[in-house]
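Peer 1: Structure below; questions to follow.
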Amino acid sequence: MGDEEVSEGKQVSLCTCLERMEESVEIFMEEVDKMVIEAGIAGRTGCDKIRHKGKQAWTGRVLNGLKVSYPSFDSHLNPAPLQWDVLVDGKVCDCDIVVDCKVGDPIALEVKLTNWSKHSVGPFALTVIPYQDYQNGVHNYELHDAITFVGSNTFHIDSVKPTKNSVCFGALLFLYTGDFYLNIKFHEDISSRELPLSWFCLPSVHIRATEPVIQTKL
């Protein structure tokens with residue numbers, strides 16, 4: 001992609017951002033209309049004058065005076081240079097994906113880091129903590145009798161060079177049925193403290209453990 005295409009893409013994104021801000025101002029001024037009319041401050045003509053002056057003040061200060069530097073704007077548009085992928089039983093996890101497994105069958109867990117930054121990163125250590133979400137703000141982490149790790153629940157990723165990746169492996173064994181989630185926490189050390197927190201965003205992991213299918217012999 002050339003510099004002209006990149007610049008054009010930034011301009012389009014900036015215009016979209018400003019259009020959304022204008023829509024927000026429009027909604028705000030409609031609320032002003034309602035308050036003015038309900039309070040009986042002015043008739044329709046007076047309300048239009050207030051609205052026109054108010055919108056000019058807001059758009060003039062917020063939009064026309066807005067200065068956006070591309071480096072700061074890029075930080076919100078571009079993805080983090082560290083790409084984290086979590087795979088359960090060979091399936092890539094995401095916010096809308098539920099991975100099914102059978103009770104009593106070990107399932108593989110992989111955490112993969114791809115480094116798209118210009119510098120080497122790591123090493124990192126991270127701990128996988130299973131929990132259940134009761135959908136009422138309560139998370140149950142006391143699952144020692146429901147889930148066990150085949151090996152350790154702490155993963156280690158070595159230093160990763162630019163454009164390279166590193167994968168760490170583990171396994172889980174579910175002893176009861178239910179919906180479970182994995183909370184992956186990074187250990188705070190020198191390697192992680194040097195980088196922004198936004199670089200450590202891992203996908204959510206949702207696993208549903210079901211009863212194994214029992215095959216009857218004829």
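Please note that chains go A, B, ... in the order of the structure tokens, that every chain numbers its residues from 1, and that ligands are numbered from 1 in the order shown.
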Find the residues near Thr163 (chain A): any atom within 7 Å, counting only C-alpha atoms, skip ones fewer than 4 places away on the same chain, and give them as a list in words.

Peer 2: Thr114, Asn115 and Trp116 of chain A

Peer 1: Nearest to Arg208 (chain A) among A:Ile157, A:Leu175, A:Leu195, A:Ala125, with distances taken over only C-alpha atoms: which residue is it?

Peer 2: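 Using only C-alpha atoms, Arg208 (chain A) sits closest to A:Leu175.
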
Peer 1: Measuring between only C-alpha atoms, which one of A:Ile97, A:Ile107, A:Gly122, A:His156 shows the shortest distance to Ser192 (chain A)?

Peer 2: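 With only C-alpha atoms as the atom set, the closest residue is A:Gly122.
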
Peer 1: Just how far from CA of Gly90 (chain A) is CA of Asp133 (chain A), in Å to one decimal?

Peer 2: 23.6 Å
